[in-house]
file data29.cif (mmCIF, C-alpha atoms)
data_target
loop_
_atom_site.group_PDB
_atom_site.id
_atom_site.type_symbol
_atom_site.label_atom_id
_atom_site.label_comp_id
_atom_site.auth_asym_id
_atom_site.auth_seq_id
_atom_site.Cartn_x
_atom_site.Cartn_y
_atom_site.Cartn_z
ATOM 1 C CA MET F 1 -24.147 -1.831 -76.580
ATOM 2 C CA ALA F 2 -22.674 0.486 -73.949
ATOM 3 C CA ARG F 3 -18.970 1.237 -74.146
ATOM 4 C CA PRO F 4 -16.886 0.185 -71.124
ATOM 5 C CA ARG F 5 -15.638 3.020 -68.938
ATOM 6 C CA ALA F 6 -12.153 4.103 -69.904
ATOM 7 C CA PHE F 7 -11.092 5.075 -66.377
ATOM 8 C CA ASP F 8 -10.270 3.420 -63.067
ATOM 9 C CA GLU F 9 -13.210 4.113 -60.737
ATOM 10 C CA LYS F 10 -11.156 3.663 -57.554
ATOM 11 C CA GLN F 11 -8.458 5.982 -58.839
ATOM 12 C CA VAL F 12 -11.062 8.657 -59.558
ATOM 13 C CA LEU F 13 -12.700 8.209 -56.144
ATOM 14 C CA ASP F 14 -9.316 8.455 -54.431
ATOM 15 C CA ALA F 15 -8.516 11.657 -56.321
ATOM 16 C CA VAL F 16 -11.809 13.383 -55.525
ATOM 17 C CA ARG F 17 -11.633 12.126 -51.924
ATOM 18 C CA ASP F 18 -8.268 13.845 -51.547
ATOM 19 C CA GLN F 19 -9.706 17.038 -53.028
ATOM 20 C CA PHE F 20 -12.633 17.055 -50.601
ATOM 21 C CA TRP F 21 -10.241 16.137 -47.775
ATOM 22 C CA ASP F 22 -7.898 19.030 -48.569
ATOM 23 C CA ALA F 23 -10.463 21.728 -49.306
ATOM 24 C CA GLY F 24 -13.735 20.609 -47.735
ATOM 25 C CA TYR F 25 -17.042 20.101 -49.472
ATOM 26 C CA ALA F 26 -18.194 23.690 -49.966
ATOM 27 C CA ALA F 27 -14.831 24.963 -51.215
ATOM 28 C CA THR F 28 -14.499 22.187 -53.810
ATOM 29 C CA SER F 29 -15.833 23.246 -57.204
ATOM 30 C CA LEU F 30 -16.890 21.183 -60.196
ATOM 31 C CA GLU F 31 -13.768 22.473 -61.936
ATOM 32 C CA ASP F 32 -11.652 21.094 -59.073
ATOM 33 C CA LEU F 33 -13.297 17.691 -59.417
ATOM 34 C CA MET F 34 -12.802 17.668 -63.181
ATOM 35 C CA ARG F 35 -9.161 18.660 -62.757
ATOM 36 C CA VAL F 36 -8.234 16.003 -60.186
ATOM 37 C CA SER F 37 -10.252 13.237 -61.829
ATOM 38 C CA GLY F 38 -9.203 13.982 -65.383
ATOM 39 C CA LEU F 39 -12.829 13.566 -66.457
ATOM 40 C CA GLY F 40 -15.215 15.942 -68.139
ATOM 41 C CA LYS F 41 -18.444 17.027 -66.493
ATOM 42 C CA GLY F 42 -20.558 14.613 -68.526
ATOM 43 C CA SER F 43 -18.393 11.588 -67.774
ATOM 44 C CA LEU F 44 -18.074 12.496 -64.104
ATOM 45 C CA TYR F 45 -21.778 12.976 -63.536
ATOM 46 C CA ALA F 46 -22.777 9.994 -65.676
ATOM 47 C CA ALA F 47 -20.567 7.724 -63.582
ATOM 48 C CA PHE F 48 -21.121 9.158 -60.102
ATOM 49 C CA GLY F 49 -24.056 11.569 -60.155
ATOM 50 C CA ASP F 50 -23.837 15.167 -58.949
ATOM 51 C CA LYS F 51 -21.254 16.696 -56.607
ATOM 52 C CA ARG F 52 -23.076 15.552 -53.469
ATOM 53 C CA GLN F 53 -23.422 11.968 -54.662
ATOM 54 C CA LEU F 54 -19.755 11.913 -55.651
ATOM 55 C CA PHE F 55 -18.816 13.244 -52.221
ATOM 56 C CA LEU F 56 -20.905 10.583 -50.465
ATOM 57 C CA ARG F 57 -19.301 7.851 -52.584
ATOM 58 C CA ALA F 58 -15.836 9.160 -51.718
ATOM 59 C CA LEU F 59 -16.738 9.414 -48.036
ATOM 60 C CA ARG F 60 -18.041 5.834 -47.933
ATOM 61 C CA SER F 61 -14.880 4.650 -49.678
ATOM 62 C CA TYR F 62 -12.787 6.477 -47.078
ATOM 63 C CA THR F 63 -14.618 4.983 -44.104
ATOM 64 C CA ASP F 64 -14.584 1.471 -45.590
ATOM 65 C CA GLU F 65 -10.811 1.670 -46.025
ATOM 66 C CA SER F 66 -10.354 3.186 -42.573
ATOM 67 C CA HIS F 67 -12.326 0.387 -40.956
ATOM 68 C CA GLY F 68 -10.302 -2.176 -42.871
ATOM 69 C CA ARG F 69 -7.050 -0.708 -41.550
ATOM 70 C CA LEU F 70 -8.451 -0.438 -38.030
ATOM 71 C CA ARG F 71 -9.660 -4.059 -38.058
ATOM 72 C CA GLU F 72 -6.255 -5.234 -39.273
ATOM 73 C CA ALA F 73 -4.350 -3.222 -36.667
ATOM 74 C CA LEU F 74 -6.548 -4.403 -33.803
ATOM 75 C CA THR F 75 -6.658 -8.084 -34.723
ATOM 76 C CA GLU F 76 -3.096 -8.681 -35.888
ATOM 77 C CA ALA F 77 -1.264 -7.317 -32.838
ATOM 78 C CA PRO F 78 0.105 -10.166 -30.668
ATOM 79 C CA ARG F 79 -1.589 -8.679 -27.600
ATOM 80 C CA ALA F 80 -4.792 -6.676 -27.671
ATOM 81 C CA LEU F 81 -3.503 -4.188 -25.088
ATOM 82 C CA ASP F 82 -0.636 -3.225 -27.400
ATOM 83 C CA ALA F 83 -3.131 -2.585 -30.197
ATOM 84 C CA LEU F 84 -5.298 -0.395 -27.961
ATOM 85 C CA ARG F 85 -2.316 1.642 -26.810
ATOM 86 C CA ALA F 86 -1.144 1.994 -30.414
ATOM 87 C CA LEU F 87 -4.571 3.396 -31.262
ATOM 88 C CA LEU F 88 -3.934 6.259 -28.854
ATOM 89 C CA GLU F 89 -0.385 6.739 -30.102
ATOM 90 C CA ALA F 90 -1.321 6.879 -33.799
ATOM 91 C CA PRO F 91 -1.930 10.663 -33.852
ATOM 92 C CA VAL F 92 1.474 11.150 -32.223
ATOM 93 C CA ASP F 93 3.148 8.968 -34.842
ATOM 94 C CA ASP F 94 1.535 11.149 -37.531
ATOM 95 C CA ALA F 95 2.460 14.412 -35.810
ATOM 96 C CA MET F 96 4.933 15.414 -38.495
ATOM 97 C CA GLY F 97 3.014 13.939 -41.421
ATOM 98 C CA GLU F 98 0.122 14.595 -43.768
ATOM 99 C CA GLY F 99 -2.443 13.379 -41.278
ATOM 100 C CA VAL F 100 -1.959 16.386 -39.027
ATOM 101 C CA ARG F 101 -2.882 18.884 -41.712
ATOM 102 C CA ARG F 102 -5.863 16.888 -42.885
ATOM 103 C CA GLY F 103 -7.211 15.365 -39.697
ATOM 104 C CA CYS F 104 -9.994 12.798 -40.130
ATOM 105 C CA LEU F 105 -12.147 13.193 -43.242
ATOM 106 C CA MET F 106 -15.180 11.798 -41.439
ATOM 107 C CA ALA F 107 -14.784 14.208 -38.521
ATOM 108 C CA ASN F 108 -14.103 17.127 -40.863
ATOM 109 C CA SER F 109 -17.164 16.316 -42.945
ATOM 110 C CA THR F 110 -19.385 15.918 -39.892
ATOM 111 C CA SER F 111 -18.275 19.317 -38.593
ATOM 112 C CA GLU F 112 -18.917 20.968 -41.956
ATOM 113 C CA LEU F 113 -22.110 19.227 -43.056
ATOM 114 C CA GLY F 114 -23.603 17.312 -40.132
ATOM 115 C CA ASN F 115 -26.126 20.001 -39.190
ATOM 116 C CA ALA F 116 -27.267 20.528 -42.778
ATOM 117 C CA ASP F 117 -27.138 17.062 -44.306
ATOM 118 C CA PRO F 118 -28.914 14.227 -42.441
ATOM 119 C CA GLU F 119 -27.292 11.615 -44.686
ATOM 120 C CA VAL F 120 -23.801 12.736 -43.687
ATOM 121 C CA LEU F 121 -24.818 12.774 -40.025
ATOM 122 C CA ASP F 122 -26.309 9.278 -40.308
ATOM 123 C CA HIS F 123 -23.165 8.017 -42.011
ATOM 124 C CA ALA F 124 -21.030 9.558 -39.256
ATOM 125 C CA HIS F 125 -23.137 7.849 -36.599
ATOM 126 C CA ARG F 126 -22.838 4.458 -38.300
ATOM 127 C CA THR F 127 -19.113 4.991 -38.875
ATOM 128 C CA TYR F 128 -18.363 5.698 -35.221
ATOM 129 C CA GLU F 129 -20.586 2.833 -34.081
ATOM 130 C CA THR F 130 -18.627 0.464 -36.338
ATOM 131 C CA SER F 131 -15.336 1.825 -34.998
ATOM 132 C CA THR F 132 -16.619 1.409 -31.452
ATOM 133 C CA ALA F 133 -17.613 -2.197 -32.137
ATOM 134 C CA LEU F 134 -14.179 -3.020 -33.580
ATOM 135 C CA ILE F 135 -12.392 -1.425 -30.626
ATOM 136 C CA GLY F 136 -14.828 -3.087 -28.209
ATOM 137 C CA ASP F 137 -13.934 -6.507 -29.627
ATOM 138 C CA CYS F 138 -10.278 -5.702 -28.998
ATOM 139 C CA VAL F 139 -11.065 -4.602 -25.431
ATOM 140 C CA ALA F 140 -12.852 -7.915 -24.852
ATOM 141 C CA ARG F 141 -9.781 -9.758 -26.142
ATOM 142 C CA ALA F 142 -7.570 -7.741 -23.781
ATOM 143 C CA GLN F 143 -9.870 -8.767 -20.937
ATOM 144 C CA ARG F 144 -9.521 -12.436 -21.881
ATOM 145 C CA GLU F 145 -5.745 -11.960 -21.955
ATOM 146 C CA GLY F 146 -5.863 -10.487 -18.451
ATOM 147 C CA ASP F 147 -4.607 -7.021 -19.443
ATOM 148 C CA VAL F 148 -7.866 -5.099 -18.935
ATOM 149 C CA SER F 149 -10.127 -5.361 -15.911
ATOM 150 C CA ALA F 150 -12.962 -7.836 -16.372
ATOM 151 C CA GLU F 151 -15.242 -5.292 -14.715
ATOM 152 C CA ALA F 152 -14.843 -2.794 -17.557
ATOM 153 C CA ASP F 153 -17.677 -2.514 -20.068
ATOM 154 C CA PRO F 154 -16.020 -3.123 -23.483
ATOM 155 C CA THR F 155 -18.333 -0.768 -25.366
ATOM 156 C CA GLU F 156 -17.995 2.069 -22.860
ATOM 157 C CA LEU F 157 -14.211 1.741 -22.783
ATOM 158 C CA ALA F 158 -14.124 1.556 -26.592
ATOM 159 C CA ARG F 159 -16.070 4.815 -26.856
ATOM 160 C CA ALA F 160 -13.723 6.477 -24.371
ATOM 161 C CA LEU F 161 -10.673 5.299 -26.332
ATOM 162 C CA LEU F 162 -12.170 6.498 -29.620
ATOM 163 C CA ALA F 163 -13.033 9.887 -28.117
ATOM 164 C CA ALA F 164 -9.508 10.201 -26.710
ATOM 165 C CA GLN F 165 -7.933 9.246 -30.033
ATOM 166 C CA GLN F 166 -10.057 11.717 -31.982
ATOM 167 C CA GLY F 167 -9.219 14.397 -29.415
ATOM 168 C CA LEU F 168 -5.524 13.787 -29.978
ATOM 169 C CA VAL F 169 -6.052 14.071 -33.745
ATOM 170 C CA PHE F 170 -7.720 17.442 -33.235
ATOM 171 C CA MET F 171 -5.011 18.651 -30.850
ATOM 172 C CA SER F 172 -2.328 17.649 -33.354
ATOM 173 C CA ARG F 173 -3.968 19.935 -35.937
ATOM 174 C CA THR F 174 -3.560 22.928 -33.619
ATOM 175 C CA GLY F 175 0.209 22.673 -33.950
ATOM 176 C CA MET F 176 0.871 20.959 -30.631
ATOM 177 C CA ASP F 177 4.373 19.523 -30.724
ATOM 178 C CA ALA F 178 4.968 15.780 -30.870
ATOM 179 C CA ALA F 179 6.519 15.591 -27.382
ATOM 180 C CA THR F 180 3.449 17.164 -25.767
ATOM 181 C CA LEU F 181 1.133 14.962 -27.791
ATOM 182 C CA ALA F 182 3.108 11.894 -26.744
ATOM 183 C CA ALA F 183 2.899 12.883 -23.074
ATOM 184 C CA THR F 184 -0.847 13.416 -23.434
ATOM 185 C CA ALA F 185 -1.264 10.036 -25.118
ATOM 186 C CA ARG F 186 0.687 8.345 -22.313
ATOM 187 C CA SER F 187 -1.484 10.055 -19.715
ATOM 188 C CA LEU F 188 -4.653 8.915 -21.469
ATOM 189 C CA ALA F 189 -3.323 5.374 -21.762
ATOM 190 C CA ALA F 190 -2.409 5.320 -18.066
ATOM 191 C CA GLN F 191 -5.948 6.351 -17.129
ATOM 192 C CA LEU F 192 -7.907 4.301 -19.651
ATOM 193 C CA LEU F 193 -5.569 1.295 -19.926
ATOM 194 C CA PRO F 194 -3.739 1.076 -16.591
ATOM 195 C CA ASP F 195 -0.867 -1.393 -16.164
ATOM 196 C CA ARG F 196 -2.183 -4.528 -14.430
ATOM 197 C CA SER F 197 1.182 -6.289 -14.174
ATOM 198 C CA GLY F 198 1.212 -5.751 -10.426
ATOM 199 C CA ASP F 199 -2.276 -7.186 -9.833
#

call {"tool": "encode", "arguments": {"input": "data29.cif", "output": "structure tokens"}}
result
Amino acid sequence: MARPRAFDEKQVLDAVRDQFWDAGYAATSLEDLMRVSGLGKGSLYAAFGDKRQLFLRALRSYTDESHGRLREALTEAPRALDALRALLEAPVDDAMGEGVRRGCLMANSTSELGNADPEVLDHAHRTYETSTALIGDCVARAQREGDVSAEADPTELARALLAAQQGLVFMSRTGMDAATLAATARSLAAQLLPDRSGD
């Protein structure tokens, strides 16, 4: 009879995710993974497979959690337009926090591995399509609420908003100050989500 695992799988995945997030895939060694997980090589590989499989598990966990937070933020806001504008402002809100240094793990991983690992590239594609669908649903709600033009294509606008948000995340990592980021976010919101109160 197999012995039950004496560790918390989510806690281990969170720890190795943070290691990959901080250092990247190539710069993370087996010794790093053993150190942050508190597991020996045998236990680590028996539970999760090799380094690549562990990385893919951690990446999927990250994107699942990210989509959960995005879905909650977009659906729980009283008005959809406020949620869409908050999406653009999120990188500004994080401008002095941990998120600036780290950026987006999915974007970082795609930049590092997308050309060499088809599975990472496929996961990135599916991740951004899911994000686009969630944002598109929010755009459609904003249209029903009269805050976004009915002529706008929800999917096209969602992709534009996602691209703008990811661009702001990248710009924040260059050291751009919060005031400039905020002004840029307001400019993007004015162009992508214009005020229709005067219509």

call {"tool": "resolve_selection", "arguments": {"input": "data29.cif", "expression": "the PyMOL selection byres ((chain F and resi 137) around 12)", "output": "PyMOL selection string"}}
result
chain F and resi 70-71+74-75+80-81+83-84+130-136+138-144+153-159

call {"tool": "residues_around", "arguments": {"input": "data29.cif", "residues": "Ala185 (chain F)", "least_positions_apart": "6", "cutoff": "9 Å", "atoms": "all atoms listed in the file", "output": "list in words"}}
result
Arg85, Leu88, Glu89, Pro91, Val92, Ala164, Gln165 and Leu168 of chain F

call {"tool": "closest_residue", "arguments": {"input": "data29.cif", "among": "F:Leu188, F:Thr127, F:Glu112, F:Ala23", "to": "Leu87 (chain F)", "atoms": "all atoms listed in the file"}}
result
F:Leu188

call {"tool": "residues_around", "arguments": {"input": "data29.cif", "residues": "Gly114 (chain F)", "least_positions_apart": "6", "cutoff": "12 Å", "atoms": "all atoms listed in the file", "output": "ChimeraX atom specification"}}
result
/F:25,106-108,120-125

call {"tool": "resolve_selection", "arguments": {"input": "data29.cif", "expression": "the PyMOL selection byres ((chain F and resi 34) around 12)", "output": "PyMOL selection string"}}
result
chain F and resi 12-13+15-16+19+28-33+35-45+51+54

call {"tool": "write_last_selection", "arguments": {"input": "data29.cif", "atoms": "C-alpha atoms", "output": "mmCIF file, in the frame of the given file"}}
result
data_model
loop_
_atom_site.group_PDB
_atom_site.id
_atom_site.type_symbol
_atom_site.label_atom_id
_atom_site.label_comp_id
_atom_site.auth_asym_id
_atom_site.auth_seq_id
_atom_site.Cartn_x
_atom_site.Cartn_y
_atom_site.Cartn_z
ATOM 1 C CA VAL F 12 -11.062 8.657 -59.558
ATOM 2 C CA LEU F 13 -12.700 8.209 -56.144
ATOM 3 C CA ALA F 15 -8.516 11.657 -56.321
ATOM 4 C CA VAL F 16 -11.809 13.383 -55.525
ATOM 5 C CA GLN F 19 -9.706 17.038 -53.028
ATOM 6 C CA THR F 28 -14.499 22.187 -53.810
ATOM 7 C CA SER F 29 -15.833 23.246 -57.204
ATOM 8 C CA LEU F 30 -16.890 21.183 -60.196
ATOM 9 C CA GLU F 31 -13.768 22.473 -61.936
ATOM 10 C CA ASP F 32 -11.652 21.094 -59.073
ATOM 11 C CA LEU F 33 -13.297 17.691 -59.417
ATOM 12 C CA ARG F 35 -9.161 18.660 -62.757
ATOM 13 C CA VAL F 36 -8.234 16.003 -60.186
ATOM 14 C CA SER F 37 -10.252 13.237 -61.829
ATOM 15 C CA GLY F 38 -9.203 13.982 -65.383
ATOM 16 C CA LEU F 39 -12.829 13.566 -66.457
ATOM 17 C CA GLY F 40 -15.215 15.942 -68.139
ATOM 18 C CA LYS F 41 -18.444 17.027 -66.493
ATOM 19 C CA GLY F 42 -20.558 14.613 -68.526
ATOM 20 C CA SER F 43 -18.393 11.588 -67.774
ATOM 21 C CA LEU F 44 -18.074 12.496 -64.104
ATOM 22 C CA TYR F 45 -21.778 12.976 -63.536
ATOM 23 C CA LYS F 51 -21.254 16.696 -56.607
ATOM 24 C CA LEU F 54 -19.755 11.913 -55.651
#

call {"tool": "atom_distance", "arguments": {"input": "data29.cif", "atom1": "CA of Gly167 (chain F)", "atom2": "CA of Val148 (chain F)"}}
result
22.2 Å

call {"tool": "atom_distance", "arguments": {"input": "data29.cif", "atom1": "CA of Ala189 (chain F)", "atom2": "CA of Leu161 (chain F)"}}
result
8.7 Å

call {"tool": "atom_distance", "arguments": {"input": "data29.cif", "atom1": "CA of Leu162 (chain F)", "atom2": "CA of Ala27 (chain F)"}}
result
28.5 Å

call {"tool": "resolve_selection", "arguments": {"input": "data29.cif", "expression": "the PyMOL selection byres ((chain F and resi 179) around 12)", "output": "ChimeraX atom specification"}}
result
/F:89,91-93,95-96,172,175-178,180-186

call {"tool": "residues_around", "arguments": {"input": "data29.cif", "residues": "Leu59 (chain F)", "least_positions_apart": "4", "cutoff": "8 Å", "atoms": "all atoms listed in the file", "output": "list in words"}}
result
Arg17, Phe55, Thr63, Leu105 and Met106 of chain F

call {"tool": "closest_residue", "arguments": {"input": "data29.cif", "among": "F:Arg196, F:Gly103, F:Glu119, F:Ser149", "to": "Met171 (chain F)", "atoms": "only C-alpha atoms"}}
result
F:Gly103

call {"tool": "build_atoms", "arguments": {"input": "data29.cif", "residues": "region 12-32 of chain F", "atoms": "N, CA, C and O atoms", "output": "PDB file, in the frame of the given file"}}
result
ATOM      1  N   VAL F  12     -10.293   7.415 -59.525  1.00  0.00           N
ATOM      2  CA  VAL F  12     -11.062   8.657 -59.558  1.00  0.00           C
ATOM      3  C   VAL F  12     -11.593   8.986 -58.165  1.00  0.00           C
ATOM      4  O   VAL F  12     -11.501  10.125 -57.695  1.00  0.00           O
ATOM      5  N   LEU F  13     -12.170   7.976 -57.486  1.00  0.00           N
ATOM      6  CA  LEU F  13     -12.700   8.209 -56.144  1.00  0.00           C
ATOM      7  C   LEU F  13     -11.607   8.653 -55.181  1.00  0.00           C
ATOM      8  O   LEU F  13     -11.825   9.535 -54.342  1.00  0.00           O
ATOM      9  N   ASP F  14     -10.425   8.053 -55.291  1.00  0.00           N
ATOM     10  CA  ASP F  14      -9.316   8.455 -54.431  1.00  0.00           C
ATOM     11  C   ASP F  14      -8.918   9.908 -54.694  1.00  0.00           C
ATOM     12  O   ASP F  14      -8.634  10.672 -53.762  1.00  0.00           O
ATOM     13  N   ALA F  15      -8.915  10.293 -55.974  1.00  0.00           N
ATOM     14  CA  ALA F  15      -8.516  11.657 -56.321  1.00  0.00           C
ATOM     15  C   ALA F  15      -9.519  12.688 -55.811  1.00  0.00           C
ATOM     16  O   ALA F  15      -9.135  13.711 -55.244  1.00  0.00           O
ATOM     17  N   VAL F  16     -10.810  12.402 -55.990  1.00  0.00           N
ATOM     18  CA  VAL F  16     -11.809  13.383 -55.525  1.00  0.00           C
ATOM     19  C   VAL F  16     -11.907  13.362 -54.008  1.00  0.00           C
ATOM     20  O   VAL F  16     -12.154  14.403 -53.373  1.00  0.00           O
ATOM     21  N   ARG F  17     -11.676  12.190 -53.387  1.00  0.00           N
ATOM     22  CA  ARG F  17     -11.633  12.126 -51.924  1.00  0.00           C
ATOM     23  C   ARG F  17     -10.550  13.047 -51.392  1.00  0.00           C
ATOM     24  O   ARG F  17     -10.765  13.810 -50.440  1.00  0.00           O
ATOM     25  N   ASP F  18      -9.367  12.999 -51.999  1.00  0.00           N
ATOM     26  CA  ASP F  18      -8.268  13.845 -51.547  1.00  0.00           C
ATOM     27  C   ASP F  18      -8.604  15.322 -51.735  1.00  0.00           C
ATOM     28  O   ASP F  18      -8.216  16.161 -50.905  1.00  0.00           O
ATOM     29  N   GLN F  19      -9.309  15.648 -52.813  1.00  0.00           N
ATOM     30  CA  GLN F  19      -9.706  17.038 -53.028  1.00  0.00           C
ATOM     31  C   GLN F  19     -10.676  17.505 -51.945  1.00  0.00           C
ATOM     32  O   GLN F  19     -10.493  18.571 -51.350  1.00  0.00           O
ATOM     33  N   PHE F  20     -11.696  16.708 -51.673  1.00  0.00           N
ATOM     34  CA  PHE F  20     -12.633  17.055 -50.601  1.00  0.00           C
ATOM     35  C   PHE F  20     -11.918  17.116 -49.246  1.00  0.00           C
ATOM     36  O   PHE F  20     -12.225  17.966 -48.408  1.00  0.00           O
ATOM     37  N   TRP F  21     -10.975  16.205 -49.040  1.00  0.00           N
ATOM     38  CA  TRP F  21     -10.241  16.137 -47.775  1.00  0.00           C
ATOM     39  C   TRP F  21      -9.392  17.395 -47.578  1.00  0.00           C
ATOM     40  O   TRP F  21      -9.318  17.964 -46.486  1.00  0.00           O
ATOM     41  N   ASP F  22      -8.760  17.853 -48.655  1.00  0.00           N
ATOM     42  CA  ASP F  22      -7.898  19.030 -48.569  1.00  0.00           C
ATOM     43  C   ASP F  22      -8.692  20.326 -48.430  1.00  0.00           C
ATOM     44  O   ASP F  22      -8.317  21.212 -47.651  1.00  0.00           O
ATOM     45  N   ALA F  23      -9.777  20.441 -49.209  1.00  0.00           N
ATOM     46  CA  ALA F  23     -10.463  21.728 -49.306  1.00  0.00           C
ATOM     47  C   ALA F  23     -11.800  21.776 -48.589  1.00  0.00           C
ATOM     48  O   ALA F  23     -12.310  22.866 -48.309  1.00  0.00           O
ATOM     49  N   GLY F  24     -12.386  20.624 -48.274  1.00  0.00           N
ATOM     50  CA  GLY F  24     -13.735  20.609 -47.735  1.00  0.00           C
ATOM     51  C   GLY F  24     -14.758  20.532 -48.850  1.00  0.00           C
ATOM     52  O   GLY F  24     -14.436  20.711 -50.033  1.00  0.00           O
ATOM     53  N   TYR F  25     -15.989  20.283 -48.472  1.00  0.00           N
ATOM     54  CA  TYR F  25     -17.042  20.101 -49.472  1.00  0.00           C
ATOM     55  C   TYR F  25     -17.402  21.417 -50.161  1.00  0.00           C
ATOM     56  O   TYR F  25     -17.384  21.519 -51.386  1.00  0.00           O
ATOM     57  N   ALA F  26     -17.708  22.439 -49.385  1.00  0.00           N
ATOM     58  CA  ALA F  26     -18.194  23.690 -49.966  1.00  0.00           C
ATOM     59  C   ALA F  26     -17.155  24.359 -50.855  1.00  0.00           C
ATOM     60  O   ALA F  26     -17.491  24.950 -51.889  1.00  0.00           O
ATOM     61  N   ALA F  27     -15.892  24.275 -50.475  1.00  0.00           N
ATOM     62  CA  ALA F  27     -14.831  24.963 -51.215  1.00  0.00           C
ATOM     63  C   ALA F  27     -14.359  24.185 -52.436  1.00  0.00           C
ATOM     64  O   ALA F  27     -13.516  24.678 -53.194  1.00  0.00           O
ATOM     65  N   THR F  28     -14.865  22.986 -52.640  1.00  0.00           N
ATOM     66  CA  THR F  28     -14.499  22.187 -53.810  1.00  0.00           C
ATOM     67  C   THR F  28     -15.496  22.467 -54.937  1.00  0.00           C
ATOM     68  O   THR F  28     -16.699  22.286 -54.763  1.00  0.00           O
ATOM     69  N   SER F  29     -14.986  22.912 -56.062  1.00  0.00           N
ATOM     70  CA  SER F  29     -15.833  23.246 -57.204  1.00  0.00           C
ATOM     71  C   SER F  29     -15.880  22.086 -58.193  1.00  0.00           C
ATOM     72  O   SER F  29     -15.075  21.146 -58.128  1.00  0.00           O
ATOM     73  N   LEU F  30     -16.828  22.174 -59.121  1.00  0.00           N
ATOM     74  CA  LEU F  30     -16.890  21.183 -60.196  1.00  0.00           C
ATOM     75  C   LEU F  30     -15.592  21.185 -60.994  1.00  0.00           C
ATOM     76  O   LEU F  30     -15.086  20.123 -61.389  1.00  0.00           O
ATOM     77  N   GLU F  31     -15.038  22.375 -61.201  1.00  0.00           N
ATOM     78  CA  GLU F  31     -13.768  22.473 -61.936  1.00  0.00           C
ATOM     79  C   GLU F  31     -12.655  21.747 -61.195  1.00  0.00           C
ATOM     80  O   GLU F  31     -11.805  21.090 -61.822  1.00  0.00           O
ATOM     81  N   ASP F  32     -12.641  21.835 -59.866  1.00  0.00           N
ATOM     82  CA  ASP F  32     -11.652  21.094 -59.073  1.00  0.00           C
ATOM     83  C   ASP F  32     -11.802  19.594 -59.297  1.00  0.00           C
ATOM     84  O   ASP F  32     -10.813  18.871 -59.475  1.00  0.00           O
TER      85      ASP F  32
END
